[in-house]
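Enquirer: My questions all concern the structure below.
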Amino acid sequence: QAQPVESGGGLVQPGGSLRLSCAPTGFTYHYWSLGWFRQAPGKEREGVACISNIGGTIYVDSVKGRFTISRDDAQNLVHLRMNDLQPEDTAVYFCASRLTPGLGQCPLVQYEYESWGQGTQVTVSS
C-alpha cells in the first residue's frame with residue numbers, strides 16, 4: 001500500500017476546532033479499518049479514533065464527545081473533526097490504514113495497521 005496523506009493541521013487556540021483529512025490510496029470502502037493516532041513530544045503514539053468498513057467507530061476516552069471520525073466514500077477521504085481543542089491535544093496526528101479484514105471492532109492499536117501517513121502537526125496554544 002502507498003502511504004495515506006494527511007492534511008488540515010495547524011495552530012489553534014484552546015476551545016477552537018480543526019478538521020483533519022486523510023486520503024488513503026484507492027477507495028476508502030476497500031479498507032477494513034482507517035484510524036487516527038497521535039504522538040505528543042516525549043510520549044508514545046496513542047490511538048485516537050478509528051472507523052470500520054461498515055461505519056463503526058471507536059474513540060479513546062480523552063476525546064469522546066469532542067472528536068468525530070467520519071468517512072466520505074464519494075471523495076475517498078477520512079476526516080477527524082476536533083472540537084473544544086485543549087493544549088493536551090497538541091501532537092502530530094497520523095492516519096493509518098488496514099486492508100486486511102479483521103474481527104470485531106476497528107482497532108486502536110498501532111500493530112493492527114499496515115500503512116501510515118507522515119503526520120500533520122496540531123498545536124493548541126493561546
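So you can find residues: chains in the C-alpha cells are A, B, ... in the order shown, residues in each start at 1, and ligands are numbered from 1 in order.
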If we count only C-alpha atoms, what is near Leu34 in chain A at a cut-off of 7 Å, once residues fewer than 2 positions away on the same chain are taken out, given as a PDB file with N, CA and C atoms, in the first residue's frame?
Expert:
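Output below, filename around-v5.pdb:
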ATOM      1  N   TYR A  31     -11.060  -0.445   2.643  1.00  0.00           N
ATOM      2  CA  TYR A  31     -10.269  -0.647   3.852  1.00  0.00           C
ATOM      3  C   TYR A  31     -11.128  -1.222   4.964  1.00  0.00           C
ATOM      4  N   CYS A  50     -11.018   5.392  15.294  1.00  0.00           N
ATOM      5  CA  CYS A  50     -10.979   4.561  14.095  1.00  0.00           C
ATOM      6  C   CYS A  50     -12.390   4.363  13.575  1.00  0.00           C
ATOM      7  N   ILE A  51     -12.460   4.007  12.286  1.00  0.00           N
ATOM      8  CA  ILE A  51     -13.751   3.748  11.666  1.00  0.00           C
ATOM      9  C   ILE A  51     -13.618   2.502  10.793  1.00  0.00           C
ATOM     10  N   SER A  52     -14.591   1.623  10.903  1.00  0.00           N
ATOM     11  CA  SER A  52     -14.540   0.366  10.164  1.00  0.00           C
ATOM     12  C   SER A  52     -15.178   0.505   8.797  1.00  0.00           C
ATOM     13  N   ALA A  96      -3.764   6.070   9.625  1.00  0.00           N
ATOM     14  CA  ALA A  96      -3.311   4.702   9.405  1.00  0.00           C
ATOM     15  C   ALA A  96      -4.407   3.913   8.705  1.00  0.00           C
ATOM     16  N   SER A  97      -3.983   2.952   7.892  1.00  0.00           N
ATOM     17  CA  SER A  97      -4.963   2.180   7.124  1.00  0.00           C
ATOM     18  C   SER A  97      -4.665   0.692   7.214  1.00  0.00           C
ATOM     19  N   ARG A  98      -5.727  -0.087   7.082  1.00  0.00           N
ATOM     20  CA  ARG A  98      -5.589  -1.536   7.069  1.00  0.00           C
ATOM     21  C   ARG A  98      -6.574  -2.123   6.064  1.00  0.00           C
TER      22      ARG A  98
END
Enquirer: From a DSSP calculation on the backbone, collect every residue of chain A in helix (DSSP H, G or I) and output the set as a VMD selection string.
Expert: chain A and resid 28 to 30 61 to 63 87 to 89 110 to 112
Enquirer: If we count only C-alpha atoms and set the cut-off at 9 Å, which residues sit around range 108-110 of chain A, ignoring sequence neighbours fewer than 5 positions away in its own chain? Please answer as a list in words.
Expert: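 Final neighbour list, sorted by chain and number: Gly35, Trp36, Phe37, Arg45, Glu46, Gly47, Val48, Ala49, Cys50, Ile58, Tyr59, Val60 and Ala96 of chain A.
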Enquirer: Considering only C-alpha atoms, return as a PyMOL selection string whatever protein or nucleic-acid residues lie within 6 Å of range 68-70 of chain A, sequence-local ones (same chain, fewer than 5 positions apart) excluded.
Expert: chain A and resi 78-81
Enquirer: What does the file look like for those residues with all heavy atoms, as a PDB file, in the first residue's frame?
Expert:
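And here's part_9.pdb as it stands now:
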ATOM      1  N   VAL A  78     -11.061  10.345   4.780  1.00  0.00           N
ATOM      2  CA  VAL A  78     -11.469  10.135   6.164  1.00  0.00           C
ATOM      3  C   VAL A  78     -11.161  11.421   6.916  1.00  0.00           C
ATOM      4  O   VAL A  78     -10.059  11.981   6.765  1.00  0.00           O
ATOM      5  CB  VAL A  78     -10.709   8.961   6.814  1.00  0.00           C
ATOM      6  CG1 VAL A  78     -11.083   8.838   8.281  1.00  0.00           C
ATOM      7  CG2 VAL A  78     -11.023   7.677   6.082  1.00  0.00           C
ATOM      8  N   HIS A  79     -12.137  11.898   7.676  1.00  0.00           N
ATOM      9  CA  HIS A  79     -11.965  13.153   8.402  1.00  0.00           C
ATOM     10  C   HIS A  79     -11.938  12.898   9.904  1.00  0.00           C
ATOM     11  O   HIS A  79     -12.568  11.965  10.408  1.00  0.00           O
ATOM     12  CB  HIS A  79     -13.117  14.109   8.082  1.00  0.00           C
ATOM     13  CG  HIS A  79     -13.261  14.419   6.633  1.00  0.00           C
ATOM     14  ND1 HIS A  79     -12.323  15.135   5.921  1.00  0.00           N
ATOM     15  CD2 HIS A  79     -14.243  14.107   5.759  1.00  0.00           C
ATOM     16  CE1 HIS A  79     -12.718  15.257   4.672  1.00  0.00           C
ATOM     17  NE2 HIS A  79     -13.877  14.642   4.541  1.00  0.00           N
ATOM     18  N   LEU A  80     -11.236  13.783  10.597  1.00  0.00           N
ATOM     19  CA  LEU A  80     -11.298  13.814  12.058  1.00  0.00           C
ATOM     20  C   LEU A  80     -11.657  15.238  12.442  1.00  0.00           C
ATOM     21  O   LEU A  80     -10.824  16.142  12.345  1.00  0.00           O
ATOM     22  CB  LEU A  80      -9.971  13.400  12.688  1.00  0.00           C
ATOM     23  CG  LEU A  80      -9.984  13.307  14.221  1.00  0.00           C
ATOM     24  CD1 LEU A  80     -10.876  12.157  14.687  1.00  0.00           C
ATOM     25  CD2 LEU A  80      -8.571  13.160  14.779  1.00  0.00           C
ATOM     26  N   ARG A  81     -12.895  15.424  12.847  1.00  0.00           N
ATOM     27  CA  ARG A  81     -13.346  16.732  13.306  1.00  0.00           C
ATOM     28  C   ARG A  81     -13.015  16.842  14.790  1.00  0.00           C
ATOM     29  O   ARG A  81     -13.429  15.998  15.586  1.00  0.00           O
ATOM     30  CB  ARG A  81     -14.850  16.883  13.093  1.00  0.00           C
ATOM     31  CG  ARG A  81     -15.418  18.196  13.615  1.00  0.00           C
ATOM     32  CD  ARG A  81     -14.947  19.384  12.805  1.00  0.00           C
ATOM     33  NE  ARG A  81     -15.478  20.652  13.304  1.00  0.00           N
ATOM     34  CZ  ARG A  81     -15.216  21.833  12.755  1.00  0.00           C
ATOM     35  NH1 ARG A  81     -14.428  21.905  11.687  1.00  0.00           N
ATOM     36  NH2 ARG A  81     -15.747  22.929  13.261  1.00  0.00           N
TER      37      ARG A  81
END
Enquirer: Using only C-alpha atoms, pick whichever of A:Thr120, A:Asn83, A:Gly16, A:Asn53 has the shortest atom-to-atom distance to Gly65 in chain A.
Expert: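 Answer, going by the shortest atom-to-atom distance: A:Asn83.
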